[in-house]
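Q: So that you have it, the file is run.csv, and it contains CSV, C-alpha atoms:
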```csv
chain,number,residue,atom,x,y,z
L,227,MET,CA,6.7,8.7,-27.1
L,228,ILE,CA,5.3,6.2,-24.6
L,229,GLU,CA,8.0,7.1,-22.2
L,230,THR,CA,7.0,10.8,-22.3
L,231,THR,CA,3.4,9.7,-21.7
L,232,VAL,CA,4.3,7.6,-18.7
L,233,THR,CA,6.5,10.4,-17.3
L,234,ILE,CA,3.7,12.9,-17.6
L,235,LEU,CA,1.1,10.6,-16.0
L,236,LEU,CA,3.4,9.8,-13.1
L,237,LEU,CA,4.2,13.5,-12.6
L,238,LEU,CA,0.5,14.3,-12.5
L,239,MET,CA,-0.1,11.6,-9.9
L,240,LEU,CA,2.9,12.9,-7.9
L,241,GLY,CA,1.4,16.4,-7.9
L,242,ALA,CA,-2.0,15.2,-6.8
L,243,VAL,CA,-0.5,13.2,-4.0
L,244,THR,CA,1.7,16.1,-2.9
L,245,ILE,CA,-1.4,18.4,-2.6
L,246,GLY,CA,-3.1,15.6,-0.7
L,247,ILE,CA,-0.2,15.4,1.8
L,248,VAL,CA,-0.3,19.1,2.4
L,249,ARG,CA,-4.1,19.2,2.8
L,250,VAL,CA,-4.7,16.2,5.0
L,251,ARG,CA,-4.9,16.9,8.8
L,252,GLY,CA,-4.4,13.4,10.3
L,253,LEU,CA,-0.6,12.9,10.4
L,254,PHE,CA,-1.1,9.2,10.1
L,255,ALA,CA,-2.8,9.5,6.8
L,256,ALA,CA,0.0,11.9,5.8
L,257,VAL,CA,2.6,9.1,6.5
L,258,VAL,CA,0.6,6.7,4.4
L,259,LEU,CA,0.4,9.2,1.6
L,260,LEU,CA,4.2,9.8,1.9
L,261,GLY,CA,4.7,6.1,1.3
L,262,VAL,CA,2.5,6.4,-1.9
L,263,TYR,CA,4.6,9.4,-2.9
L,264,SER,CA,7.9,7.7,-2.7
L,265,PHE,CA,6.6,4.6,-4.6
L,266,LEU,CA,5.5,6.9,-7.4
L,267,MET,CA,8.8,8.8,-7.2
L,268,ALA,CA,10.8,5.6,-7.4
L,269,THR,CA,8.8,4.4,-10.4
L,270,LEU,CA,9.5,7.8,-12.1
L,271,PHE,CA,13.2,7.4,-11.4
L,272,VAL,CA,13.2,4.0,-13.1
L,273,VAL,CA,11.4,5.5,-16.1
L,274,LEU,CA,14.0,8.2,-16.2
L,275,ASP,CA,16.8,5.5,-16.3
L,276,ALA,CA,18.2,6.2,-12.8
L,277,VAL,CA,17.9,2.8,-11.4
L,278,ASP,CA,20.3,3.2,-8.4
L,279,VAL,CA,18.4,6.4,-7.3
L,280,ALA,CA,15.2,4.5,-7.6
L,281,MET,CA,16.5,1.7,-5.4
L,282,THR,CA,17.5,4.3,-2.8
L,283,GLU,CA,14.3,6.2,-3.0
L,284,ALA,CA,12.2,3.0,-2.5
L,285,ALA,CA,14.4,1.8,0.4
L,286,VAL,CA,14.7,5.1,2.2
L,287,GLY,CA,11.3,6.7,1.3
L,288,ALA,CA,9.0,3.8,1.5
L,289,GLY,CA,10.8,1.6,4.0
L,290,VAL,CA,12.9,3.4,6.5
L,291,SER,CA,11.3,6.8,6.8
L,292,THR,CA,7.9,5.3,7.2
L,293,VAL,CA,9.1,3.4,10.2
L,294,PHE,CA,10.9,6.5,11.5
L,295,PHE,CA,7.7,8.6,11.0
L,296,LEU,CA,5.7,6.0,12.9
L,297,GLY,CA,8.2,6.1,15.7
L,298,ALA,CA,7.9,9.8,15.9
L,299,LEU,CA,4.1,9.6,15.8
L,300,SER,CA,4.1,7.2,18.7
L,301,LEU,CA,6.0,9.8,20.8
L,302,THR,CA,3.8,12.7,19.8
L,303,ASP,CA,0.2,13.4,18.8
L,304,THR,CA,-1.2,12.0,15.5
L,305,VAL,CA,-3.2,15.0,14.7
L,306,GLU,CA,-1.8,18.2,13.2
L,307,ALA,CA,-2.7,21.3,15.2
L,308,PRO,CA,-4.7,23.7,13.1
L,309,GLY,CA,-2.7,26.8,12.1
L,310,LYS,CA,-3.6,30.1,13.8
L,311,ARG,CA,-3.2,32.3,10.7
L,312,ARG,CA,-2.0,32.1,7.2
L,313,GLN,CA,1.8,32.4,7.0
L,314,ILE,CA,3.3,34.2,4.1
L,315,MET,CA,7.0,33.6,4.9
L,316,PRO,CA,7.2,29.9,4.2
L,317,LEU,CA,5.4,30.4,0.9
L,318,PHE,CA,7.8,33.2,0.0
L,319,VAL,CA,10.8,31.0,0.8
L,320,ALA,CA,9.4,28.1,-1.2
L,321,VAL,CA,8.7,30.2,-4.2
L,322,VAL,CA,12.1,31.9,-4.1
L,323,THR,CA,13.9,28.5,-3.8
L,324,ALA,CA,11.9,27.1,-6.7
L,325,GLY,CA,12.6,30.1,-8.8
L,326,ALA,CA,16.4,29.9,-8.1
L,327,LEU,CA,16.4,26.2,-9.0
L,328,LEU,CA,14.5,26.8,-12.2
L,329,TRP,CA,16.9,29.6,-13.1
L,330,GLY,CA,19.9,27.4,-12.4
L,331,LEU,CA,18.3,24.7,-14.6
L,332,SER,CA,18.4,26.9,-17.6
L,333,ASP,CA,22.2,27.1,-17.3
L,334,LEU,CA,22.8,23.3,-17.5
L,335,PRO,CA,24.7,22.0,-20.5
L,336,GLU,CA,22.5,20.4,-23.2
L,337,PHE,CA,21.5,16.8,-22.3
L,338,GLY,CA,24.0,14.3,-23.6
L,339,SER,CA,26.2,16.8,-25.3
L,340,PRO,CA,29.8,15.5,-25.6
L,341,ASP,CA,31.7,18.7,-24.6
L,342,GLN,CA,30.3,19.2,-21.2
L,343,PRO,CA,32.9,19.2,-18.4
L,344,ILE,CA,31.9,15.8,-17.0
L,345,HIS,CA,32.8,14.1,-20.3
L,346,ARG,CA,36.1,16.0,-20.8
L,347,GLN,CA,37.6,15.5,-17.4
L,348,GLY,CA,38.2,12.1,-15.9
L,349,ALA,CA,36.7,10.1,-18.7
L,350,ASP,CA,39.8,7.9,-18.7
L,351,TYR,CA,39.1,6.4,-15.3
L,352,LEU,CA,38.4,3.1,-17.0
L,353,VAL,CA,42.0,3.0,-18.3
L,354,ARG,CA,43.6,4.6,-15.3
L,355,SER,CA,42.0,3.0,-12.3
L,356,MET,CA,43.3,-0.5,-12.5
L,357,PRO,CA,47.1,0.3,-12.6
L,358,GLU,CA,46.7,3.3,-10.2
L,359,THR,CA,44.5,1.8,-7.5
L,360,GLY,CA,44.5,-2.0,-8.1
L,361,ILE,CA,40.7,-2.1,-7.6
L,362,ALA,CA,38.9,-4.2,-10.3
L,363,ASN,CA,35.6,-2.4,-10.0
L,364,VAL,CA,35.8,1.1,-11.5
L,365,VAL,CA,32.8,2.5,-9.6
L,366,SER,CA,34.3,1.3,-6.3
L,367,ALA,CA,37.7,2.7,-7.3
L,368,VAL,CA,36.2,6.1,-8.0
L,369,LEU,CA,34.1,6.1,-4.8
L,370,ALA,CA,36.6,4.8,-2.4
L,371,SER,CA,39.9,6.0,-3.8
L,372,TYR,CA,39.6,9.0,-6.1
L,373,ARG,CA,36.8,10.5,-4.1
L,374,GLY,CA,37.7,8.9,-0.8
L,375,PHE,CA,37.3,12.0,1.4
L,376,ASP,CA,34.0,12.9,-0.3
L,377,THR,CA,32.7,9.4,0.5
L,378,LEU,CA,34.0,9.7,4.1
L,379,GLY,CA,32.1,12.9,4.5
L,380,GLU,CA,28.9,11.4,3.2
L,381,THR,CA,29.2,8.4,5.5
L,382,THR,CA,29.8,10.7,8.4
L,383,VAL,CA,26.6,12.6,7.6
L,384,VAL,CA,24.5,9.5,7.3
L,385,PHE,CA,26.0,8.0,10.5
L,386,THR,CA,25.4,11.2,12.5
L,387,ALA,CA,21.8,11.3,11.3
L,388,GLY,CA,21.3,7.7,12.3
L,389,MET,CA,22.8,8.3,15.7
L,390,GLY,CA,20.6,11.3,16.2
L,391,ILE,CA,17.4,9.5,15.3
L,392,LEU,CA,18.3,6.5,17.5
L,393,ALA,CA,19.1,8.8,20.5
L,394,LEU,CA,15.9,10.7,20.1
L,395,LEU,CA,13.6,7.7,19.7
L,396,ARG,CA,15.2,5.6,22.4
L,397,ARG,CA,15.5,8.2,25.2
L,398,ARG,CA,12.0,9.4,25.0
L,399,ARG,CA,10.5,5.9,24.9
L,400,GLY,CA,12.4,4.9,28.1
L,401,GLU,CA,11.2,7.9,29.9
L,402,GLY,CA,7.6,7.4,28.8
L,403,LYS,CA,7.3,3.8,29.9
L,404,SER,CA,8.9,4.1,33.3
W,179,MET,CA,5.3,-19.3,-36.0
W,180,MET,CA,6.3,-20.1,-32.4
W,181,ASP,CA,7.1,-16.5,-31.8
W,182,LEU,CA,3.7,-15.3,-33.1
W,183,ALA,CA,1.9,-17.9,-30.9
W,184,ARG,CA,3.9,-16.8,-27.9
W,185,ASP,CA,3.2,-13.1,-28.5
W,186,ILE,CA,-0.5,-13.8,-28.9
W,187,LEU,CA,-0.6,-15.8,-25.7
W,188,ALA,CA,1.3,-13.0,-23.8
W,189,GLY,CA,-1.0,-10.4,-25.2
W,190,LEU,CA,-4.1,-12.3,-24.1
W,191,PHE,CA,-2.7,-12.6,-20.5
W,192,LEU,CA,-1.6,-9.0,-20.4
W,193,SER,CA,-5.0,-7.7,-21.6
W,194,ALA,CA,-6.8,-9.9,-19.2
W,195,GLY,CA,-4.6,-8.6,-16.4
W,196,ALA,CA,-5.2,-5.1,-17.5
W,197,PHE,CA,-9.0,-5.7,-17.4
W,198,PHE,CA,-8.9,-7.0,-13.9
W,199,LEU,CA,-6.6,-4.2,-12.6
W,200,ILE,CA,-8.9,-1.5,-14.0
W,201,ALA,CA,-12.0,-3.3,-12.8
W,202,GLY,CA,-10.5,-3.4,-9.3
W,203,ALA,CA,-9.5,0.2,-9.4
W,204,ILE,CA,-13.0,1.3,-10.5
W,205,GLY,CA,-14.4,-0.9,-7.8
W,206,MET,CA,-12.2,0.8,-5.2
W,207,ASN,CA,-13.8,4.1,-6.2
W,208,ARG,CA,-17.4,3.0,-6.5
W,209,MET,CA,-17.9,0.7,-3.5
W,210,PRO,CA,-19.7,2.2,-0.5
W,211,ASP,CA,-17.5,1.2,2.5
W,212,LEU,CA,-14.0,0.0,3.5
W,213,PHE,CA,-14.7,-3.7,3.4
W,214,THR,CA,-16.3,-3.8,0.0
W,215,ARG,CA,-13.5,-1.7,-1.3
W,216,MET,CA,-11.0,-4.1,0.2
W,217,HIS,CA,-12.8,-6.9,-1.6
W,218,ALA,CA,-12.6,-5.1,-4.9
W,219,ALA,CA,-9.0,-4.1,-4.5
W,220,SER,CA,-7.5,-7.4,-3.2
W,221,VAL,CA,-9.3,-9.7,-5.6
W,222,GLY,CA,-8.7,-7.4,-8.6
W,223,ASP,CA,-5.1,-6.8,-7.7
W,224,THR,CA,-4.1,-10.4,-7.0
W,225,LEU,CA,-5.7,-11.6,-10.2
W,226,GLY,CA,-4.6,-8.7,-12.4
W,227,VAL,CA,-1.0,-8.7,-11.2
W,228,SER,CA,-0.7,-12.5,-11.5
W,229,LEU,CA,-2.1,-12.6,-15.0
W,230,MET,CA,0.2,-9.8,-16.1
W,231,LEU,CA,3.2,-11.5,-14.6
W,232,ILE,CA,2.3,-14.7,-16.3
W,233,GLY,CA,2.0,-12.8,-19.6
W,234,MET,CA,5.5,-11.4,-19.0
W,235,VAL,CA,6.8,-14.9,-18.4
W,236,PHE,CA,5.7,-15.8,-21.9
W,237,LEU,CA,7.5,-12.7,-23.2
W,238,ALA,CA,10.7,-13.5,-21.4
W,239,GLY,CA,11.1,-17.2,-22.4
W,240,PHE,CA,13.5,-19.4,-20.4
W,241,THR,CA,15.9,-17.0,-18.8
W,242,LEU,CA,16.9,-15.7,-15.4
W,243,VAL,CA,14.2,-13.0,-15.8
W,244,THR,CA,11.5,-15.8,-15.8
W,245,LEU,CA,12.9,-17.0,-12.5
W,246,LYS,CA,12.6,-13.5,-11.0
W,247,LEU,CA,9.1,-13.2,-12.3
W,248,VAL,CA,8.1,-16.5,-10.8
W,249,PHE,CA,9.6,-15.4,-7.4
W,250,LEU,CA,7.7,-12.2,-7.6
W,251,LEU,CA,4.5,-14.0,-8.5
W,252,ALA,CA,4.9,-16.5,-5.6
W,253,PHE,CA,5.7,-13.6,-3.2
W,254,LEU,CA,2.7,-11.6,-4.3
W,255,LEU,CA,0.4,-14.6,-4.1
W,256,PHE,CA,1.4,-15.3,-0.6
W,257,MET,CA,1.6,-11.7,0.8
W,258,GLY,CA,-1.5,-10.2,-0.9
W,259,PRO,CA,-4.0,-12.2,1.1
W,260,VAL,CA,-2.0,-11.9,4.3
W,261,ALA,CA,-1.9,-8.1,3.9
W,262,SER,CA,-5.6,-8.0,3.2
W,263,HIS,CA,-6.4,-10.1,6.2
W,264,ALA,CA,-4.1,-8.0,8.5
W,265,LEU,CA,-5.8,-4.8,7.1
W,266,ALA,CA,-9.3,-6.1,7.7
W,267,ALA,CA,-8.4,-7.3,11.2
W,268,ALA,CA,-6.8,-4.0,12.1
W,269,ALA,CA,-9.8,-2.1,10.8
W,270,LEU,CA,-12.2,-4.2,12.8
W,271,GLN,CA,-10.1,-3.8,15.9
W,272,ALA,CA,-10.0,0.0,15.4
W,273,GLY,CA,-13.8,0.0,15.3
W,274,VAL,CA,-14.7,0.3,11.6
W,275,LYS,CA,-18.0,-1.4,11.2
W,276,PRO,CA,-18.9,-3.2,8.0
W,277,MET,CA,-22.0,-1.7,6.3
W,278,LEU,CA,-24.9,-4.0,6.4
W,279,ALA,CA,-27.9,-4.3,4.1
W,280,ALA,CA,-30.3,-3.1,6.8
W,281,ASP,CA,-28.8,0.4,7.2
W,282,GLY,CA,-29.2,3.1,4.6
W,283,THR,CA,-26.0,4.4,3.0
W,284,LYS,CA,-26.0,7.9,4.7
W,285,LYS,CA,-26.8,6.8,8.2
W,286,SER,CA,-24.3,3.9,8.3
W,287,ALA,CA,-21.6,6.1,6.9
W,288,ALA,CA,-22.1,8.6,9.7
W,289,LYS,CA,-22.2,5.8,12.3
W,290,ARG,CA,-19.1,4.2,10.9
W,291,ARG,CA,-17.1,7.4,11.2
W,292,LYS,CA,-18.3,8.0,14.7
W,293,SER,CA,-17.4,4.5,15.8
W,294,ALA,CA,-14.1,4.7,14.1
W,295,ALA,CA,-13.3,7.9,16.1
W,296,LYS,CA,-14.6,6.3,19.4
W,297,GLY,CA,-13.2,2.9,19.0
W,298,ARG,CA,-9.5,3.7,19.0
W,299,LYS,CA,-7.4,2.2,21.8
W,300,PRO,CA,-6.2,4.5,24.5
P,118,MET,CA,1.0,-4.5,-26.8
P,119,ILE,CA,3.3,-3.8,-23.8
P,120,ALA,CA,2.8,-0.1,-24.2
P,121,ALA,CA,-1.0,-0.6,-24.0
P,122,ALA,CA,-0.6,-2.8,-20.9
P,123,LEU,CA,1.6,-0.1,-19.4
P,124,LEU,CA,-1.0,2.6,-20.0
P,125,ALA,CA,-3.7,0.4,-18.5
P,126,VAL,CA,-1.7,-0.1,-15.4
P,127,LEU,CA,-1.1,3.6,-15.1
P,128,VAL,CA,-4.8,4.4,-15.6
P,129,ALA,CA,-5.6,1.9,-12.8
P,130,MET,CA,-2.9,3.5,-10.6
P,131,ALA,CA,-4.4,6.9,-11.2
P,132,LEU,CA,-7.9,5.7,-10.2
P,133,VAL,CA,-6.4,4.2,-7.0
P,134,VAL,CA,-4.6,7.5,-6.3
P,135,VAL,CA,-8.0,9.1,-6.3
P,136,ARG,CA,-9.1,6.7,-3.6
P,137,ALA,CA,-6.0,7.4,-1.6
P,138,LEU,CA,-6.7,11.1,-1.7
P,139,ARG,CA,-10.4,10.8,-0.9
P,140,GLY,CA,-10.4,7.8,1.4
P,141,PRO,CA,-12.5,8.6,4.5
P,142,THR,CA,-10.5,6.3,6.9
P,143,THR,CA,-6.8,5.8,7.1
P,144,PHE,CA,-7.4,2.1,6.2
P,145,ASP,CA,-8.7,3.2,2.8
P,146,ARG,CA,-5.5,5.0,2.2
P,147,LEU,CA,-3.5,2.0,3.3
P,148,LEU,CA,-5.4,-0.2,0.9
P,149,ALA,CA,-4.7,2.3,-1.9
P,150,ALA,CA,-1.1,2.4,-0.9
P,151,ASN,CA,-0.8,-1.3,-1.2
P,152,SER,CA,-2.5,-1.3,-4.6
P,153,ILE,CA,-0.2,1.5,-5.8
P,154,GLY,CA,2.9,-0.5,-4.7
P,155,ASN,CA,1.6,-3.4,-6.8
P,156,GLY,CA,1.1,-1.1,-9.7
P,157,ALA,CA,4.6,0.3,-9.3
P,158,ILE,CA,6.0,-3.2,-9.6
P,159,LEU,CA,4.0,-3.8,-12.7
P,160,VAL,CA,5.1,-0.5,-14.3
P,161,LEU,CA,8.7,-1.4,-13.5
P,162,ALA,CA,8.5,-4.9,-15.1
P,163,LEU,CA,6.6,-3.7,-18.1
P,164,PHE,CA,8.9,-0.8,-18.7
P,165,GLY,CA,11.8,-3.2,-18.5
P,166,PHE,CA,10.3,-5.3,-21.3
P,167,LEU,CA,9.4,-2.2,-23.3
P,168,THR,CA,13.0,-0.9,-23.3
P,169,GLY,CA,14.4,-4.4,-23.8
P,170,ARG,CA,16.2,-4.5,-20.4
P,171,PRO,CA,14.1,-6.7,-18.1
P,172,GLU,CA,17.1,-7.3,-15.9
P,173,PHE,CA,16.0,-4.6,-13.4
P,174,LEU,CA,13.3,-6.9,-12.1
P,175,ASP,CA,15.4,-7.2,-8.9
P,176,LEU,CA,14.1,-3.7,-8.2
P,177,GLY,CA,10.6,-5.1,-8.5
P,178,LEU,CA,11.3,-7.7,-5.9
P,179,THR,CA,12.7,-5.1,-3.6
P,180,TYR,CA,9.6,-2.9,-4.1
P,181,ALA,CA,7.4,-5.9,-3.2
P,182,LEU,CA,9.3,-6.5,0.0
P,183,LEU,CA,9.4,-2.9,1.0
P,184,ASN,CA,5.7,-2.4,0.2
P,185,TYR,CA,4.7,-5.2,2.6
P,186,VAL,CA,7.2,-4.1,5.2
P,187,GLY,CA,5.6,-0.6,5.1
P,188,ILE,CA,2.1,-2.0,5.3
P,189,PHE,CA,2.8,-4.3,8.2
P,190,ALA,CA,4.8,-1.6,10.1
P,191,VAL,CA,1.7,0.7,9.8
P,192,LEU,CA,-0.7,-2.0,10.8
P,193,LYS,CA,1.4,-3.0,13.8
P,194,PHE,CA,1.5,0.6,14.9
P,195,PHE,CA,-2.3,0.5,15.0
P,196,ARG,CA,-2.2,-2.0,17.9
P,197,HIS,CA,0.0,0.3,20.1
P,198,GLY,CA,-0.3,4.0,19.2
P,199,SER,CA,-3.3,6.2,18.7
P,200,LEU,CA,-4.9,6.4,15.3
P,201,GLY,CA,-5.5,10.0,14.4
P,202,ALA,CA,-9.0,8.8,13.7
P,203,GLU,CA,-10.6,11.9,15.1
P,204,ALA,CA,-8.9,14.0,12.5
P,205,GLU,CA,-10.2,11.7,9.8
P,206,ALA,CA,-13.7,11.8,11.3
P,207,ASP,CA,-14.3,15.5,11.0
P,208,GLY,CA,-13.3,15.6,7.3
P,209,THR,CA,-10.0,16.4,5.8
```
Before anything else, please render the file you have as structure tokens.
A:
Amino acid sequence: MIETTVTILLLLMLGAVTIGIVRVRGLFAAVVLLGVYSFLMATLFVVLDAVDVAMTEAAVGAGVSTVFFLGALSLTDTVEAPGKRRQIMPLFVAVVTAGALLWGLSDLPEFGSPDQPIHRQGADYLVRSMPETGIANVVSAVLASYRGFDTLGETTVVFTAGMGILALLRRRRGEGKS
Amino acid sequence: MMDLARDILAGLFLSAGAFFLIAGAIGMNRMPDLFTRMHAASVGDTLGVSLMLIGMVFLAGFTLVTLKLVFLLAFLLFMGPVASHALAAAALQAGVKPMLAADGTKKSAAKRRKSAAKGRKP
Amino acid sequence: MIAAALLAVLVAMALVVVRALRGPTTFDRLLAANSIGNGAILVLALFGFLTGRPEFLDLGLTYALLNYVGIFAVLKFFRHGSLGAEAEADGT
């Protein structure tokens, strides 16, 4: 009961902050509001029992991306240029994407039901992983051994993104100063 | 008996903390300019968060959780005033003028915004 | 008791969100962001006690650190970059 109330209150605040981010013109204020947003989002994740995601959201959303946004702002202007006319196309894309996601949501298996695929396949990792891989931690065994290529791909994506950001921020700053 | 006393003590601390948090939040909405708002927010937050954490220490008893709560409390007690000071210093440097008793509310608000726009560093 | 405290913290956070959205200067928003970070820590801790799993307080410590890292990064930026104060001045 109380959990539902907390979730609804947090979601309402999230909605208000999102509208604020869209409406505000100063990009600086938008960065601050984005920090607020990710703190609220991380709290919501904790309430929904996804502690690891909450940790990631707090570290990435409130910590790293704030710093990256500030770095980008120091290279460009801090005021958003006013739009020339109302654009219909982005709204259309957003509405279609949201509709597709909601439609897909209705096809998910019931929450916590024991015969969904995730519980029927690979539930014996706890038993299998130690003799097969020799890694004591089951989560590490799954991430680094059974899904090794998946993890490698993820790491490559994150690494590439980091390299890109570093290259962008550093090159422009060197040119600006000299 | 011990448990009851502990719960009552924790409840007292929690409700006192809740009172100060809400008072600070109301102050943030009702105060006329940035520095008075900062006053309401920093004092209300520091007191409210500290009282609530102390109440949770009573709930937790002597465990590792208590140690974490004490760390959190110490960190917030140190960093809250530092952050408030840094915020006030940055605001003054950027040209936000405190509202004085002599100016009317409307006029000073307009002046404050103008000086905030003008006073930014090139 | 804990549930009531949780609701009180959430109400306080909602009031602060109002200030973060209205705030005429960026500093008001920053102040509100700091306050919301503190509120998030409290919600986290109280929710842990409510569900009987207060071990996730490590997350609260991380939040506190990140909150202040964010605040100081923004404040440091004020000494070097431009503010965007002109956009704040003509109303948002």
Q: Within 9 Å of segment 165-182 of chain P, counting all atoms listed in the file, which residues show up once you throw out same-chain ones fewer than 2 positions away? Write them as number ranges by chain, please.
A: L: 265, 277, 280-281, 284-285, 288; W: 234, 237-238, 242-243, 246-247, 249-250, 253-254; P: 119-120, 123, 154-155, 157-163, 184-187
Q: Between atom CA of Phe271 of chain L and atom CA of Ile153 of chain P, what is the distance, to one decimal in Å?
A: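 About the pair atom CA of Phe271 of chain L and atom CA of Ile153 of chain P: they are 15.7 Å apart.
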Q: Give me the residues near Leu127 of chain P as JSON, numbers by chain, where near means some atom within 9 Å (using all atoms listed in the file) and where sequence neighbours in that chain fewer than 2 positions away do not count.
A: {"L": [232, 235, 236], "P": [122, 123, 124, 125, 129, 130, 131, 132, 156, 157, 160]}
Q: Using all atoms listed in the file, find the one residue out of P:Phe195, P:Pro141, P:Val133, P:Ala190 that sits nearest to chain L.
A: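 Looking at the shortest contact to chain L, the residue is P:Ala190.
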Q: Give me the residues of chain L that have any atom at most 8 Å from an atom of chain P; for each, the nearest atom pair and the distance in Å, rounded to one decimal. Use all atoms listed in the file, sort by chain and number, and format it as CSV.
A:
```
residue,atom,partner,partner_atom,distance
L:Ile228,CA,P:Ala120,CA,6.8
L:Val232,CA,P:Leu124,CA,7.4
L:Leu235,CA,P:Leu127,CA,7.4
L:Leu236,CA,P:Leu127,CA,7.9
L:Met239,CA,P:Ala131,CA,6.5
L:Val243,CA,P:Leu138,CA,6.9
L:Gly246,CA,P:Leu138,CA,5.8
L:Arg249,CA,P:Thr209,CA,7.2
L:Val250,CA,P:Thr209,CA,5.4
L:Arg251,CA,P:Thr209,CA,5.9
L:Gly252,CA,P:Ala204,CA,5.0
L:Leu253,CA,P:Gly201,CA,7.0
L:Phe254,CA,P:Gly201,CA,6.2
L:Ala255,CA,P:Thr143,CA,5.5
L:Val258,CA,P:Leu147,CA,6.3
L:Leu259,CA,P:Arg146,CA,7.3
L:Gly261,CA,P:Ala150,CA,7.2
L:Val262,CA,P:Ala150,CA,5.5
L:Phe265,CA,P:Gly154,CA,6.3
L:Leu266,CA,P:Ala157,CA,6.9
L:Thr269,CA,P:Ala157,CA,6.0
L:Val272,CA,P:Leu161,CA,7.0
L:Val273,CA,P:Phe164,CA,7.3
L:Val277,CA,P:Phe173,CA,7.9
L:Met281,CA,P:Leu176,CA,6.5
L:Ala284,CA,P:Tyr180,CA,6.6
L:Ala285,CA,P:Leu183,CA,6.9
L:Ala288,CA,P:Gly187,CA,6.6
L:Gly289,CA,P:Leu183,CA,5.6
L:Thr292,CA,P:Gly187,CA,6.7
L:Val293,CA,P:Ala190,CA,6.6
L:Leu296,CA,P:Phe194,CA,7.1
L:Leu299,CA,P:Gly198,CA,7.9
L:Ser300,CA,P:Gly198,CA,5.5
L:Asp303,CA,P:Gly201,CA,8.0
L:Thr304,CA,P:Gly201,CA,4.9
L:Val305,CA,P:Gly201,CA,5.5
```
Q: So how many Å separate atom CA of Met267 of chain L and atom CA of Val286 of chain L, to one decimal?
A: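 Result for atom CA of Met267 of chain L versus atom CA of Val286 of chain L: 11.7 Å, one decimal.
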Q: Find the residue from W:Leu192, W:Ala183, W:Leu212, W:Ile200 that sits nearest to Leu265 of chain W; use all atoms listed in the file when measuring.
A: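 Answer, going by the shortest atom-to-atom distance: W:Leu212.
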